[in-house]
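Peer 1: What follows is the file protein.cif, containing mmCIF, C-alpha atoms:
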data_data
loop_
_atom_site.label_atom_id
_atom_site.label_comp_id
_atom_site.auth_asym_id
_atom_site.auth_seq_id
_atom_site.Cartn_x
_atom_site.Cartn_y
_atom_site.Cartn_z
CA MET A 1 12.22 -4.85 -34.56
CA SER A 2 12.15 -8.36 -33.15
CA GLU A 3 9.25 -9.47 -30.95
CA PHE A 4 9.82 -12.48 -28.71
CA THR A 5 8.41 -14.27 -25.70
CA PHE A 6 9.94 -16.27 -22.88
CA THR A 7 8.52 -18.25 -19.98
CA THR A 8 9.59 -17.59 -16.39
CA ARG A 9 10.14 -20.29 -13.78
CA ASP A 10 6.63 -19.74 -12.38
CA GLY A 11 4.95 -19.96 -15.76
CA ALA A 12 4.50 -16.32 -16.78
CA VAL A 13 4.88 -15.78 -20.53
CA ILE A 14 6.60 -12.43 -21.04
CA ARG A 15 6.52 -10.47 -24.30
CA GLY A 16 9.65 -8.53 -25.20
CA LEU A 17 10.84 -6.22 -27.99
CA ASP A 18 14.41 -6.02 -29.26
CA GLU A 19 15.45 -3.38 -31.81
CA GLY A 20 18.40 -1.29 -32.92
CA ALA A 21 22.11 -2.00 -32.64
CA GLY A 22 24.86 -0.99 -30.26
CA PRO A 23 25.21 -1.08 -26.47
CA VAL A 24 22.12 -2.51 -24.80
CA LEU A 25 19.61 -0.18 -23.14
CA LEU A 26 16.81 -1.90 -21.23
CA CYS A 27 13.76 0.38 -20.88
CA ILE A 28 11.30 -0.48 -18.09
CA SER A 29 7.94 1.28 -17.81
CA GLY A 30 5.88 2.30 -14.81
CA LEU A 31 2.69 1.11 -13.11
CA GLY A 32 0.97 0.56 -16.47
CA GLY A 33 3.73 -1.92 -17.26
CA THR A 34 3.61 -1.82 -21.07
CA ALA A 35 6.50 -1.71 -23.51
CA SER A 36 4.54 0.89 -25.49
CA PHE A 37 5.08 3.57 -22.82
CA TRP A 38 8.48 4.18 -24.41
CA ASP A 39 7.16 4.54 -27.98
CA PRO A 40 7.66 8.36 -28.07
CA CYS A 41 11.32 7.89 -27.11
CA VAL A 42 12.20 4.99 -29.40
CA ASP A 43 13.18 6.95 -32.51
CA GLY A 44 15.49 9.14 -30.47
CA LEU A 45 17.18 6.24 -28.70
CA ARG A 46 17.54 3.39 -31.17
CA ARG A 47 20.11 5.28 -33.21
CA GLY A 48 23.29 3.95 -31.61
CA TRP A 49 21.56 1.75 -29.02
CA ARG A 50 20.01 -1.69 -28.92
CA LEU A 51 16.71 -1.22 -27.09
CA LEU A 52 15.03 -3.92 -25.06
CA ARG A 53 11.49 -3.46 -23.72
CA LEU A 54 8.85 -5.71 -22.20
CA ASP A 55 5.24 -5.97 -21.15
CA GLN A 56 5.52 -6.78 -17.45
CA ARG A 57 3.82 -9.88 -16.07
CA GLY A 58 0.04 -9.70 -16.20
CA ILE A 59 0.17 -6.62 -18.46
CA GLY A 60 -0.47 -6.25 -22.18
CA ALA A 61 0.56 -9.41 -24.03
CA SER A 62 2.30 -10.96 -20.99
CA THR A 63 0.58 -13.47 -18.72
CA ARG A 64 0.52 -13.31 -14.92
CA GLY A 65 2.27 -16.50 -13.81
CA GLU A 66 2.05 -17.90 -10.27
CA ALA A 67 4.70 -15.97 -8.30
CA ALA A 68 3.71 -13.37 -5.73
CA CYS A 69 4.01 -9.87 -7.15
CA SER A 70 6.83 -7.76 -5.73
CA VAL A 71 9.27 -5.26 -7.15
CA GLU A 72 11.99 -7.86 -6.65
CA GLN A 73 10.01 -10.39 -8.71
CA LEU A 74 9.56 -7.85 -11.50
CA ALA A 75 13.33 -7.23 -11.37
CA ASP A 76 13.93 -10.97 -11.62
CA ASP A 77 11.75 -11.03 -14.75
CA CYS A 78 13.96 -8.35 -16.30
CA LEU A 79 17.10 -10.29 -15.43
CA ALA A 80 15.52 -13.36 -17.04
CA LEU A 81 14.91 -11.29 -20.17
CA LEU A 82 18.63 -10.46 -20.29
CA ASP A 83 19.42 -14.15 -19.88
CA ILE A 84 17.13 -15.21 -22.73
CA ARG A 85 18.72 -12.61 -25.04
CA GLY A 86 22.27 -13.62 -24.02
CA ILE A 87 23.13 -10.28 -22.42
CA ASP A 88 25.57 -10.29 -19.50
CA SER A 89 25.08 -6.65 -18.52
CA CYS A 90 23.49 -3.47 -19.81
CA ILE A 91 22.34 0.05 -19.01
CA VAL A 92 18.86 0.22 -17.50
CA THR A 93 16.45 3.12 -17.71
CA GLY A 94 13.23 2.90 -15.73
CA HIS A 95 10.35 5.29 -15.25
CA SER A 96 8.36 5.38 -11.99
CA THR A 97 7.75 1.72 -11.09
CA GLY A 98 10.39 0.93 -13.69
CA GLY A 99 12.89 3.02 -11.74
CA CYS A 100 12.13 0.97 -8.63
CA ILE A 101 12.62 -2.22 -10.65
CA ALA A 102 15.97 -0.92 -11.93
CA GLN A 103 17.13 -0.32 -8.36
CA ALA A 104 16.09 -3.84 -7.36
CA MET A 105 18.01 -5.25 -10.35
CA ALA A 106 21.15 -3.35 -9.37
CA VAL A 107 20.88 -4.51 -5.75
CA ALA A 108 20.25 -8.15 -6.68
CA ALA A 109 22.80 -8.35 -9.51
CA PRO A 110 25.09 -5.28 -9.45
CA GLY A 111 27.42 -6.72 -12.09
CA ARG A 112 24.60 -6.79 -14.61
CA VAL A 113 23.56 -3.13 -14.33
CA ARG A 114 26.40 -1.03 -15.74
CA ALA A 115 24.53 2.23 -15.24
CA MET A 116 20.94 3.29 -14.64
CA ALA A 117 18.69 6.22 -15.43
CA LEU A 118 15.82 6.61 -12.99
CA SER A 119 13.00 8.95 -13.97
CA GLY A 120 10.06 9.77 -11.72
CA ALA A 121 11.26 7.12 -9.25
CA TRP A 122 11.84 6.88 -5.51
CA ALA A 123 13.85 4.89 -2.96
CA ARG A 124 11.01 4.32 -0.49
CA PRO A 125 7.46 5.61 -0.16
CA ASP A 126 6.98 8.57 2.15
CA ARG A 127 3.64 9.58 3.64
CA TYR A 128 2.68 11.55 0.50
CA LEU A 129 3.09 8.48 -1.69
CA ARG A 130 1.42 6.16 0.81
CA GLU A 131 -1.63 8.39 1.17
CA LEU A 132 -1.91 8.91 -2.59
CA PHE A 133 -1.68 5.20 -3.36
CA THR A 134 -4.17 4.39 -0.58
CA MET A 135 -6.63 6.83 -2.15
CA ARG A 136 -6.06 5.37 -5.60
CA LEU A 137 -6.57 1.83 -4.28
CA SER A 138 -9.88 2.92 -2.80
CA LEU A 139 -10.95 4.42 -6.13
CA LEU A 140 -9.88 1.27 -7.94
CA GLY A 141 -12.30 -0.83 -5.93
CA ASP A 142 -15.18 1.64 -5.59
CA ASN A 143 -15.17 3.33 -9.00
CA PRO A 144 -12.66 1.90 -11.50
CA ARG A 145 -13.72 4.35 -14.22
CA ALA A 146 -12.90 7.24 -11.89
CA TYR A 147 -9.60 5.53 -11.06
CA ALA A 148 -8.69 5.40 -14.75
CA SER A 149 -9.85 8.95 -15.47
CA SER A 150 -8.06 10.39 -12.44
CA SER A 151 -4.86 8.71 -13.60
CA ALA A 152 -4.85 10.99 -16.62
CA PHE A 153 -5.15 14.14 -14.51
CA LEU A 154 -2.46 12.95 -12.09
CA SER A 155 -0.03 11.75 -14.74
CA TYR A 156 -0.05 14.29 -17.57
CA GLU A 157 0.83 17.97 -17.68
CA PRO A 158 -2.50 19.86 -17.95
CA ALA A 159 -1.57 21.85 -21.06
CA TRP A 160 -0.43 18.67 -22.81
CA LEU A 161 -3.56 16.75 -21.82
CA ASP A 162 -5.72 19.59 -23.11
CA GLN A 163 -4.23 18.91 -26.54
CA HIS A 164 -4.45 15.11 -26.26
CA TRP A 165 -7.93 14.23 -25.00
CA ASP A 166 -7.68 10.99 -26.97
CA VAL A 167 -5.28 9.80 -24.27
CA TYR A 168 -7.86 10.57 -21.58
CA GLU A 169 -10.58 8.82 -23.56
CA ARG A 170 -8.40 5.76 -24.10
CA LEU A 171 -7.65 5.50 -20.39
CA ALA A 172 -11.34 5.81 -19.53
CA ALA A 173 -12.26 3.21 -22.14
CA THR A 174 -9.73 0.69 -20.81
CA ALA A 175 -10.56 1.10 -17.11
CA PRO A 176 -9.97 -2.07 -15.06
CA LEU A 177 -13.65 -3.00 -14.68
CA ASN A 178 -13.41 -6.71 -13.86
CA ALA A 179 -11.97 -8.33 -10.76
CA ALA A 180 -9.00 -9.89 -12.56
CA ALA A 181 -7.84 -6.60 -14.06
CA GLN A 182 -8.28 -4.82 -10.73
CA ALA A 183 -6.28 -7.54 -8.98
CA ILE A 184 -3.30 -6.95 -11.28
CA VAL A 185 -3.28 -3.20 -10.59
CA ARG A 186 -3.87 -3.69 -6.87
CA GLU A 187 -1.02 -6.14 -6.36
CA ARG A 188 1.36 -3.86 -8.23
CA MET A 189 0.42 -0.86 -6.12
CA LEU A 190 0.76 -2.88 -2.92
CA ALA A 191 4.19 -4.05 -4.10
CA LEU A 192 5.23 -0.42 -4.53
CA LEU A 193 3.99 0.47 -1.05
CA ALA A 194 6.18 -2.35 0.31
CA PHE A 195 9.22 -1.29 -1.73
CA ASP A 196 12.16 0.17 0.21
CA GLN A 197 15.73 0.05 -1.13
CA SER A 198 16.96 3.06 0.86
CA ALA A 199 19.31 1.08 3.10
CA ARG A 200 20.96 -0.70 0.15
CA LEU A 201 21.57 2.13 -2.32
CA ALA A 202 24.81 3.36 -0.73
CA ALA A 203 26.48 0.17 -1.97
CA LEU A 204 25.63 0.89 -5.62
CA THR A 205 28.49 2.62 -7.38
CA CYS A 206 27.26 2.46 -10.97
CA PRO A 207 26.73 5.82 -12.72
CA THR A 208 23.15 6.92 -12.16
CA LEU A 209 20.96 9.64 -13.61
CA VAL A 210 17.95 10.75 -11.57
CA VAL A 211 15.40 12.83 -13.49
CA GLY A 212 12.22 14.41 -12.20
CA ALA A 213 9.68 17.10 -12.99
CA ARG A 214 8.89 19.88 -10.54
CA ASP A 215 5.14 19.60 -11.23
CA ASP A 216 4.95 15.82 -10.80
CA LEU A 217 1.86 15.09 -8.66
CA ILE A 218 2.50 11.35 -8.26
CA VAL A 219 6.23 11.29 -7.44
CA PRO A 220 7.02 14.86 -6.40
CA PRO A 221 10.47 16.42 -6.71
CA HIS A 222 11.48 15.97 -3.08
CA LEU A 223 11.50 12.21 -3.66
CA GLN A 224 13.90 12.66 -6.60
CA VAL A 225 16.21 14.73 -4.40
CA ALA A 226 16.08 12.08 -1.68
CA LEU A 227 16.76 9.27 -4.17
CA ALA A 228 19.77 11.04 -5.68
CA GLY A 229 21.13 11.72 -2.19
CA LEU A 230 21.21 8.00 -1.40
CA LEU A 231 23.15 7.02 -4.53
CA PRO A 232 26.93 7.63 -4.44
CA ALA A 233 27.32 8.21 -8.20
CA ALA A 234 24.06 10.01 -8.97
CA ARG A 235 23.45 13.07 -11.11
CA LEU A 236 20.14 14.88 -10.48
CA GLN A 237 18.34 16.87 -13.18
CA MET A 238 14.88 18.38 -12.90
CA LEU A 239 12.50 19.48 -15.64
CA GLU A 240 10.44 22.55 -14.77
CA ARG A 241 7.25 20.88 -15.96
CA GLY A 242 5.88 17.83 -17.69
CA GLY A 243 3.84 16.07 -15.02
CA HIS A 244 4.57 12.51 -13.98
CA PHE A 245 4.71 11.21 -17.55
CA PHE A 246 7.32 13.71 -18.66
CA PRO A 247 9.04 11.19 -21.00
CA VAL A 248 5.77 11.42 -22.99
CA THR A 249 4.75 15.06 -22.50
CA ARG A 250 8.29 16.49 -22.68
CA THR A 251 9.96 13.89 -24.85
CA ILE A 252 12.47 16.23 -26.51
CA GLU A 253 13.66 17.69 -23.21
CA PHE A 254 13.77 14.29 -21.54
CA LEU A 255 15.72 12.72 -24.39
CA ALA A 256 18.20 15.59 -24.43
CA ILE A 257 19.00 14.94 -20.77
CA LEU A 258 19.12 11.16 -21.17
CA GLN A 259 21.20 11.16 -24.35
CA ALA A 260 23.71 13.63 -22.94
CA TRP A 261 24.14 11.44 -19.88
CA LEU A 262 24.42 8.27 -21.94
CA THR A 263 27.17 9.84 -24.02
CA ASP A 264 28.98 11.47 -21.12
CA GLU A 265 28.90 8.71 -18.55
CA ALA A 266 27.10 5.49 -19.36
CA ALA A 267 28.53 5.02 -22.87
CA GLN A 268 32.01 5.48 -21.45
CA THR A 269 31.26 2.77 -18.92
CA VAL A 270 30.21 0.42 -21.70
CA ARG A 271 33.44 1.01 -23.60
CA VAL A 272 35.70 0.18 -20.68
CA CYS A 273 33.77 -2.82 -19.27
#
As structure tokens, please, write out the structure in this file.
Peer 2:
Amino acid sequence: MSEFTFTTRDGAVIRGLDEGAGPVLLCISGLGGTASFWDPCVDGLRRGWRLLRLDQRGIGASTRGEAACSVEQLADDCLALLDIRGIDSCIVTGHSTGGCIAQAMAVAAPGRVRAMALSGAWARPDRYLRELFTMRLSLLGDNPRAYASSSAFLSYEPAWLDQHWDVYERLAATAPLNAAAQAIVRERMLALLAFDQSARLAALTCPTLVVGARDDLIVPPHLQVALAGLLPAARLQMLERGGHFFPVTRTIEFLAILQAWLTDEAAQTVRVC
């Protein structure tokens, strides 16, 4: 595995990971923004694929920079990562916020996104998502420890969390207690509330996989159905359970869906492009 950094035009220093060999698969994580979100999936994906991951700006080992935070800016960071690694185009898989970033990449630079897999993502926030994020923003400012703890209950399947209380304890221990950490989370959530690609998705013709979980409390299944309906070349598949972080709690099932799609559609696209 190769670890690297690059500096964006506004001064953010972004940490990336590059491993494996084969067609390029860029994996973008959600609100937490860390490359490590994909760790449970790496062994299953790097056989036959070159995986790229990153800590998003202001997260993990990456610095914030000066640019205003928006989903489009985060997409531009991912395109800059492709530039620095000399990659013209690739397949993009994004979870939650990462799925929104993938859409913004495809809209901004359609020739660079050969196909995309969107898990736990949405095209625009509906009232459910707006009210949930508003509540979470309030918790973030009033009681950041409760914000962090509640994230575990919202994100993970209950039966899985009951067997992995270390995850809960780690979230509680790393709560965004200071103003700077809270500002990073707040600006990312506000960027998601402002995100709306629904009017632009009809123009995207790249093969797309939309995956959701029926028990997702953060991005519920009706948003997956709506997203797939807006994309001309989308395939929708739903897991019966797994919570919002189903790539972590239901890794085997998630990988089976993703790998089948990569073989059936996206890998074929790579061969003919």
Peer 1: Take CA of Ser119 in chain A and CA of Val210 in chain A and report the distance between them in Å, one decimal.
Peer 2: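 Computing it gives 5.8 Å between the two atoms.
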Peer 1: Using all atoms listed in the file, what does the table of range 113-210 of chain A residues within 10 Å of range 59-65 of chain A look like, with each row giving the shortest atom pair and its distance in Å to one decimal, sorted by chain and ascending number, as CSV?
Peer 2:
residue,atom,partner,partner_atom,distance
A:Ala181,CA,A:Ile59,CA,9.1
A:Ile184,CA,A:Ile59,CA,8.0
A:Val185,CA,A:Ile59,CA,9.2
Peer 1: Taking into account only C-alpha atoms, which residue in the set A:Arg114, A:Arg9, A:Arg15, A:Arg85 is nearest to Ala233 in chain A?
Peer 2: A:Arg114
Peer 1: Between CA of Gln56 in chain A and CA of Gln103 in chain A, what is the distance in Å, rounded to a tenth?
Peer 2: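 According to the coordinates, CA of Gln56 in chain A and CA of Gln103 in chain A are separated by 16.1 Å.
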Peer 1: Within 12 Å of (16.4, -14.0, -15.4) (file coordinates; only C-alpha atoms), which protein or nucleic acid residues are there? I'd like them as a ChimeraX atom specification.
Peer 2: /A:6-10,14,72-89,105,108-109,112
Peer 1: How would you write, as a ChimeraX atom specification, the residues chosen by the PyMOL selection byres ((chain A and resi 195-207) around 10) on this structure?
Peer 2: /A:70-72,91,97,100-101,103-104,106-107,110-111,113-117,122-125,189-194,208-209,226-235,261-262,265-266,269
Peer 1: Measuring between all atoms listed in the file, which one of A:Ser151, A:Glu169, A:Gly242, A:Leu140 shows the shortest distance to Ala183 in chain A?
Peer 2: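 Of A:Ser151, A:Glu169, A:Gly242, A:Leu140, the one nearest Ala183 in chain A is A:Leu140, counting all atoms listed in the file.
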Peer 1: What separation in Å, quoted to one decimal, exists between CA of Ile252 in chain A and CA of Trp38 in chain A?
Peer 2: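 According to the coordinates, CA of Ile252 in chain A and CA of Trp38 in chain A are separated by 12.9 Å.
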Peer 1: Just give me the residues with any atom within 8 Å of (2.8, -4.6, -18.0), file coordinates, counting all atoms listed in the file, written as an mmCIF file with C-alpha atoms, in the frame of the given file.
Peer 2:
data_model
loop_
_atom_site.group_PDB
_atom_site.id
_atom_site.type_symbol
_atom_site.label_atom_id
_atom_site.label_comp_id
_atom_site.auth_asym_id
_atom_site.auth_seq_id
_atom_site.Cartn_x
_atom_site.Cartn_y
_atom_site.Cartn_z
ATOM 1 C CA SER A 29 7.940 1.280 -17.810
ATOM 2 C CA LEU A 31 2.690 1.110 -13.110
ATOM 3 C CA GLY A 32 0.970 0.560 -16.470
ATOM 4 C CA GLY A 33 3.730 -1.920 -17.260
ATOM 5 C CA THR A 34 3.610 -1.820 -21.070
ATOM 6 C CA ALA A 35 6.500 -1.710 -23.510
ATOM 7 C CA LEU A 54 8.850 -5.710 -22.200
ATOM 8 C CA ASP A 55 5.240 -5.970 -21.150
ATOM 9 C CA GLN A 56 5.520 -6.780 -17.450
ATOM 10 C CA ARG A 57 3.820 -9.880 -16.070
ATOM 11 C CA GLY A 58 0.040 -9.700 -16.200
ATOM 12 C CA ILE A 59 0.170 -6.620 -18.460
ATOM 13 C CA GLY A 60 -0.470 -6.250 -22.180
ATOM 14 C CA SER A 62 2.300 -10.960 -20.990
#
Peer 1: Could you list, as number ranges by chain, every residue matched by the PyMOL selection byres ((chain A and resi 168) around 10) in this structure?
Peer 2: A: 148-153, 156, 161-162, 164-167, 169-173
Peer 1: Determine the residue membership of the PyMOL selection byres ((chain A and resi 216) around 8) for the file above and supply it as a list in words.
Peer 2: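 After applying the PyMOL selection byres ((chain A and resi 216) around 8), what remains is Gly120, Ser155, Gly212, Ala213, Arg214, Asp215, Leu217, Ile218, Val219, Pro220, Pro221, Arg241, Gly242, Gly243 and His244 of chain A.
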Peer 1: I need the chosen residues saved as a PDB file, in the coordinates of the input, with C-alpha atoms.
Peer 2:
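The file below, out.pdb, is the result:
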ATOM      1  CA  GLY A 120      10.060   9.770 -11.720  1.00  0.00           C
ATOM      2  CA  SER A 155      -0.030  11.750 -14.740  1.00  0.00           C
ATOM      3  CA  GLY A 212      12.220  14.410 -12.200  1.00  0.00           C
ATOM      4  CA  ALA A 213       9.680  17.100 -12.990  1.00  0.00           C
ATOM      5  CA  ARG A 214       8.890  19.880 -10.540  1.00  0.00           C
ATOM      6  CA  ASP A 215       5.140  19.600 -11.230  1.00  0.00           C
ATOM      7  CA  LEU A 217       1.860  15.090  -8.660  1.00  0.00           C
ATOM      8  CA  ILE A 218       2.500  11.350  -8.260  1.00  0.00           C
ATOM      9  CA  VAL A 219       6.230  11.290  -7.440  1.00  0.00           C
ATOM     10  CA  PRO A 220       7.020  14.860  -6.400  1.00  0.00           C
ATOM     11  CA  PRO A 221      10.470  16.420  -6.710  1.00  0.00           C
ATOM     12  CA  ARG A 241       7.250  20.880 -15.960  1.00  0.00           C
ATOM     13  CA  GLY A 242       5.880  17.830 -17.690  1.00  0.00           C
ATOM     14  CA  GLY A 243       3.840  16.070 -15.020  1.00  0.00           C
ATOM     15  CA  HIS A 244       4.570  12.510 -13.980  1.00  0.00           C
TER      16      HIS A 244
END
Peer 1: Pick the closest to Asn178 in chain A from A:Asn143, A:Pro40, A:Asp126, A:Ala260: which is it, counting all atoms listed in the file?
Peer 2: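 The answer is A:Asn143, which sits nearest to Asn178 in chain A.
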Peer 1: Could you list, as a ChimeraX atom specification, every residue within 9 Å of Val211 in chain A, counting all atoms listed in the file and ignoring same-chain residues fewer than 3 positions away?
Peer 2: /A:117-121,224,235-239,254,257-258
Peer 1: Which residue is closest to Thr251 in chain A? Choose from A:Glu66, A:Trp160, A:Glu3, A:Ala21 and count all atoms listed in the file.
Peer 2: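 So, comparing all the options, the nearest one is A:Trp160.
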Peer 1: Go through A:Val248, A:Ala68, A:Leu154, A:Leu25 one by one, measure the shortest atom-to-atom distance of each to Arg136 in chain A using only C-alpha atoms, and give the residue with the smallest value.
Peer 2: A:Leu154
